[in-house]
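S.K.: The file below is query-v1.cif, mmCIF, C-alpha atoms:
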```cif
data_target
loop_
_atom_site.label_atom_id
_atom_site.label_comp_id
_atom_site.auth_asym_id
_atom_site.auth_seq_id
_atom_site.Cartn_x
_atom_site.Cartn_y
_atom_site.Cartn_z
CA MET M 1 17.20 -14.47 -23.35
CA GLU M 2 15.28 -17.52 -22.21
CA ASN M 3 12.42 -17.54 -19.70
CA LYS M 4 14.50 -18.53 -16.65
CA GLU M 5 17.07 -15.87 -17.44
CA ILE M 6 14.40 -13.16 -17.82
CA LYS M 7 12.67 -14.10 -14.55
CA SER M 8 16.05 -14.16 -12.81
CA ALA M 9 16.84 -10.70 -14.18
CA ILE M 10 13.46 -9.36 -13.04
CA GLU M 11 13.97 -10.79 -9.56
CA SER M 12 17.43 -9.21 -9.35
CA ILE M 13 16.20 -5.84 -10.63
CA LEU M 14 13.34 -5.76 -8.11
CA PHE M 15 15.64 -6.85 -5.28
CA VAL M 16 18.27 -4.21 -5.99
CA TRP M 17 15.78 -1.43 -6.71
CA GLY M 18 13.94 -1.90 -3.39
CA GLU M 19 11.17 0.59 -4.17
CA PRO M 20 8.17 -0.06 -6.46
CA LEU M 21 9.39 -0.06 -10.06
CA ASN M 22 7.19 0.83 -13.01
CA ILE M 23 6.68 -1.92 -15.59
CA LYS M 24 7.79 0.57 -18.27
CA GLU M 25 11.22 0.85 -16.62
CA ILE M 26 11.56 -2.93 -16.28
CA SER M 27 10.58 -3.33 -19.93
CA LYS M 28 13.15 -0.75 -20.98
CA ALA M 29 15.93 -2.40 -18.94
CA LEU M 30 15.18 -5.87 -20.33
CA GLU M 31 14.38 -4.60 -23.83
CA ILE M 32 11.18 -6.64 -24.05
CA PRO M 33 7.52 -5.51 -24.37
CA LYS M 34 5.57 -4.54 -21.24
CA ASP M 35 2.96 -7.28 -21.72
CA LYS M 36 5.72 -9.92 -21.75
CA VAL M 37 7.31 -8.39 -18.64
CA LYS M 38 3.96 -8.62 -16.84
CA LYS M 39 3.64 -12.27 -17.91
CA TYR M 40 7.14 -13.07 -16.60
CA ILE M 41 6.44 -11.25 -13.32
CA GLN M 42 3.27 -13.30 -12.85
CA GLU M 43 5.18 -16.52 -13.59
CA LEU M 44 7.92 -15.49 -11.14
CA ASN M 45 5.34 -14.73 -8.46
CA ASP M 46 3.56 -18.05 -9.11
CA GLU M 47 6.88 -19.89 -8.67
CA LEU M 48 7.65 -18.01 -5.45
CA GLU M 49 4.17 -18.89 -4.16
CA GLU M 50 4.36 -22.53 -5.29
CA GLN M 51 7.73 -22.96 -3.53
CA HIS M 52 6.36 -21.10 -0.48
CA ARG M 53 9.35 -18.75 -0.61
CA GLY M 54 9.84 -15.95 1.90
CA ILE M 55 9.29 -13.23 -0.69
CA LYS M 56 6.67 -12.35 -3.24
CA VAL M 57 6.16 -9.73 -5.93
CA VAL M 58 3.57 -7.10 -5.03
CA GLU M 59 1.91 -4.74 -7.48
CA VAL M 60 0.86 -1.18 -6.68
CA ASN M 61 -0.52 0.98 -9.51
CA ASN M 62 1.32 -0.94 -12.25
CA CYS M 63 4.60 -0.83 -10.27
CA PHE M 64 6.23 -3.94 -8.85
CA GLN M 65 8.32 -4.62 -5.76
CA LEU M 66 9.65 -7.57 -3.83
CA ALA M 67 8.14 -7.93 -0.36
CA THR M 68 8.17 -10.47 2.43
CA ARG M 69 5.27 -12.87 2.93
CA LEU M 70 2.77 -11.57 5.48
CA GLU M 71 2.79 -14.82 7.45
CA ASN M 72 6.53 -14.31 8.19
CA HIS M 73 5.92 -10.92 9.83
CA ARG M 74 6.04 -12.31 13.38
CA TYR M 75 9.55 -13.66 12.82
CA ILE M 76 10.80 -10.47 11.24
CA GLU M 77 9.24 -8.46 14.07
CA LYS M 78 11.11 -10.55 16.68
CA LEU M 79 14.38 -9.82 14.93
CA CYS M 80 13.82 -6.13 14.41
CA ILE M 81 13.70 -3.63 17.21
CA THR M 82 10.37 -1.93 16.74
CA SER M 83 9.38 1.32 18.35
CA LYS M 84 6.03 1.63 20.08
CA ASN M 85 5.60 4.85 18.10
CA ARG M 86 5.59 3.00 14.77
CA GLY M 87 1.88 2.18 14.97
CA LEU M 88 -0.82 4.70 14.19
CA SER M 89 -3.00 6.10 16.95
CA GLY M 90 -6.78 5.76 16.82
CA PRO M 91 -7.31 9.39 15.77
CA THR M 92 -4.63 9.07 13.08
CA LEU M 93 -6.23 5.90 11.71
CA GLU M 94 -9.59 7.67 11.75
CA VAL M 95 -8.19 10.56 9.68
CA LEU M 96 -6.54 8.09 7.29
CA ALA M 97 -9.84 6.25 6.81
CA ILE M 98 -11.68 9.52 6.14
CA ILE M 99 -9.09 10.53 3.54
CA ALA M 100 -9.10 7.07 1.93
CA TYR M 101 -12.87 7.10 1.51
CA LYS M 102 -13.50 10.79 0.80
CA GLN M 103 -10.43 11.83 -1.22
CA PRO M 104 -9.76 14.38 -2.48
CA ILE M 105 -10.58 16.16 0.79
CA THR M 106 -9.47 19.27 2.68
CA LYS M 107 -8.37 19.45 6.33
CA HIS M 108 -11.47 21.55 7.10
CA GLU M 109 -13.75 18.87 5.64
CA ILE M 110 -11.98 16.19 7.73
CA GLU M 111 -12.40 18.34 10.85
CA ILE M 112 -16.12 18.77 10.12
CA ILE M 113 -16.52 14.97 9.89
CA ARG M 114 -14.47 14.31 13.06
CA GLY M 115 -15.61 17.33 15.06
CA VAL M 116 -12.04 18.03 16.25
CA LYS M 117 -8.78 19.46 14.89
CA CYS M 118 -6.60 17.07 12.89
CA ASP M 119 -3.27 18.88 12.43
CA LYS M 120 -1.20 16.22 14.24
CA PRO M 121 -2.75 13.17 12.53
CA ILE M 122 -2.33 14.80 9.10
CA SER M 123 1.30 15.66 9.89
CA THR M 124 1.95 12.07 11.03
CA LEU M 125 0.33 10.61 7.90
CA ILE M 126 2.38 12.89 5.64
CA ASP M 127 5.58 11.99 7.54
CA ARG M 128 4.80 8.28 7.08
CA GLU M 129 4.04 8.95 3.38
CA LEU M 130 0.55 7.45 3.69
CA ILE M 131 -1.09 10.66 2.42
CA GLU M 132 0.04 13.59 0.32
CA ILE M 133 -1.13 16.99 -0.81
CA THR M 134 -2.76 16.36 -4.18
CA GLY M 135 -3.64 19.96 -4.98
CA LYS M 136 -5.20 23.19 -3.74
CA LEU M 137 -8.77 24.38 -3.96
CA GLU M 138 -9.46 27.49 -6.02
CA LYS M 139 -11.18 29.35 -3.18
CA THR M 140 -10.26 31.76 -0.38
CA GLY M 141 -7.13 30.62 1.41
CA ARG M 142 -6.38 28.02 -1.28
CA PRO M 143 -6.63 25.07 1.15
CA ASN M 144 -4.64 21.91 0.53
CA VAL M 145 -6.44 18.84 -0.78
CA TYR M 146 -5.28 15.45 0.53
CA GLY M 147 -5.27 11.96 -0.92
CA THR M 148 -3.64 8.61 -0.21
CA THR M 149 -0.31 7.47 -1.68
CA ASP M 150 1.10 4.30 -3.19
CA THR M 151 2.73 3.70 0.22
CA PHE M 152 -0.79 3.60 1.69
CA LEU M 153 -1.84 1.02 -0.90
CA LYS M 154 1.26 -1.09 -0.31
CA SER M 155 1.01 -0.85 3.49
CA PHE M 156 -2.57 -2.12 3.50
CA GLY M 157 -2.06 -4.71 0.76
CA PHE M 158 -4.11 -2.99 -1.94
CA THR M 159 -3.17 -2.95 -5.62
CA SER M 160 -5.27 0.14 -6.33
CA LEU M 161 -7.95 2.28 -4.68
CA GLU M 162 -10.59 0.01 -6.22
CA ASP M 163 -9.41 -2.70 -3.76
CA VAL M 164 -10.28 -0.62 -0.69
CA PRO M 165 -13.38 -2.26 0.84
CA LYS M 166 -16.63 -0.42 0.20
CA ILE M 167 -18.13 1.20 3.29
CA ASP M 168 -21.35 -0.83 2.99
CA GLU M 169 -19.28 -4.02 3.39
CA PHE M 170 -18.83 -3.06 7.05
CA ASP M 171 -22.60 -2.95 7.76
CA SER M 172 -22.75 -6.67 8.56
CA PHE M 173 -19.39 -6.81 10.36
CA ASP M 174 -19.62 -7.97 13.98
CA PHE M 175 -17.43 -5.50 15.87
CA LEU M 176 -17.97 -7.24 19.23
CA ASN M 177 -16.53 -10.57 20.14
CA ASN M 178 -19.31 -12.83 21.48
CA ASP M 179 -17.50 -13.04 24.83
CA GLU M 180 -17.73 -9.26 25.20
CA GLU M 181 -21.47 -9.00 24.54
CA GLU M 182 -23.66 -8.42 27.58
#
```
What's the structure tokens form of this structure?

M.R.:
Amino acid sequence: MENKEIKSAIESILFVWGEPLNIKEISKALEIPKDKVKKYIQELNDELEEQHRGIKVVEVNNCFQLATRLENHRYIEKLCITSKNRGLSGPTLEVLAIIAYKQPITKHEIEIIRGVKCDKPISTLIDRELIEITGKLEKTGRPNVYGTTDTFLKSFGFTSLEDVPKIDEFDSFDFLNNDEEE
């Protein structure tokens, strides 16, 4: 196969698959080495970017998926009927942030940090596949331990957990708009 044909096949595979696809599976389907697949995916993504196409290839934990360009979201949103319940509430976002930064973490540990119960936010985050049970502690009651998922990474535009901003990066962030300061 020549380069154009391989990139075309990768684009088709990612389009049809829909979900993130491991590079190993792509390599197996195309019968070419993983390092070459990664090179072709990068070339494909560069071409999509250069042509300012409506899609791009995103990577999450060495898996690849086609996704729409972020700047086209407002047009897609106008077309789609979105429910007001699709967003995450403040408490749910707070629980997600705690899990993202402290994982692996138990519900009890989250509740100690927040000072309130967190059953509903945890249930919502599991339903939305942003967090998952990653294990159980070997202590009385065997409490569940929670961590983020690949869906979390993809939803927030991260390739891996290393991309999540460090907490100290927020120290200099101006949370108030100058117009709101008194």

S.K.: What does the structure give for the distance between atom CA of Glu138 of chain M and atom CA of Thr92 of chain M, in Å to one decimal?

M.R.: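 Interatomic distance, atom CA of Glu138 of chain M to atom CA of Thr92 of chain M: 27.0 Å.
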
S.K.: Kindly indicate which residue among M:Ile6, M:Leu79, M:Val58, M:Leu93 lies nearest to Asp46 of chain M, using all atoms listed in the file for the distances.

M.R.: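 Using all atoms listed in the file, Asp46 of chain M sits closest to M:Val58.
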
S.K.: Neighbours of segment 140-150 of chain M within 6 Å (all atoms listed in the file; same-chain residues fewer than 3 positions away dropped), as a PDB file with C-alpha atoms, keeping the file's coordinate frame?

M.R.:
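What follows is the written file selection_33.pdb:
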```pdb
ATOM      1  CA  GLN M 103     -10.430  11.830  -1.220  1.00  0.00           C
ATOM      2  CA  PRO M 104      -9.760  14.380  -2.480  1.00  0.00           C
ATOM      3  CA  ILE M 105     -10.580  16.160   0.790  1.00  0.00           C
ATOM      4  CA  THR M 106      -9.470  19.270   2.680  1.00  0.00           C
ATOM      5  CA  LEU M 130       0.550   7.450   3.690  1.00  0.00           C
ATOM      6  CA  ILE M 131      -1.090  10.660   2.420  1.00  0.00           C
ATOM      7  CA  GLU M 132       0.040  13.590   0.320  1.00  0.00           C
ATOM      8  CA  ILE M 133      -1.130  16.990  -0.810  1.00  0.00           C
ATOM      9  CA  THR M 134      -2.760  16.360  -4.180  1.00  0.00           C
ATOM     10  CA  GLY M 135      -3.640  19.960  -4.980  1.00  0.00           C
ATOM     11  CA  LYS M 136      -5.200  23.190  -3.740  1.00  0.00           C
ATOM     12  CA  LEU M 137      -8.770  24.380  -3.960  1.00  0.00           C
ATOM     13  CA  LEU M 153      -1.840   1.020  -0.900  1.00  0.00           C
TER      14      LEU M 153
END
```

S.K.: Going by the chain IDs and residue numbers used in this file, which residues fall under the PyMOL selection byres ((chain M and resi 10) around 10)? Write them as a list in words.

M.R.: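 Applied to this file, the PyMOL selection byres ((chain M and resi 10) around 10) returns Lys4, Glu5, Ile6, Lys7, Ser8, Ala9, Glu11, Ser12, Ile13, Leu14, Phe15, Val16, Ile26, Ser27, Ala29, Leu30, Val37, Tyr40, Ile41, Leu44 and Phe64 of chain M.
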
S.K.: Which one is closest to Asn22 of chain M: M:Ser89, M:Asn62, M:Asn45, M:Asn3? Count all atoms listed in the file.

M.R.: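 Among the listed residues, the smallest separation from Asn22 of chain M belongs to M:Asn62.
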
S.K.: Give me the residues within 12 Å of segment 155-171 of chain M as a ChimeraX atom specification, counting only C-alpha atoms and dropping any in the same chain fewer than 3 places off.

M.R.: /M:20,57-65,67-70,87,96-103,128-131,147-152,174-175

S.K.: Report, in Å to a single decimal, how far apart atom CA of Lys56 of chain M and atom CA of Arg74 of chain M are.

M.R.: 16.6 Å

S.K.: In Å, with one decimal, what is the gap from atom CA of Lys34 of chain M to atom CA of Trp17 of chain M?

M.R.: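 These atoms are spaced 18.0 Å apart.
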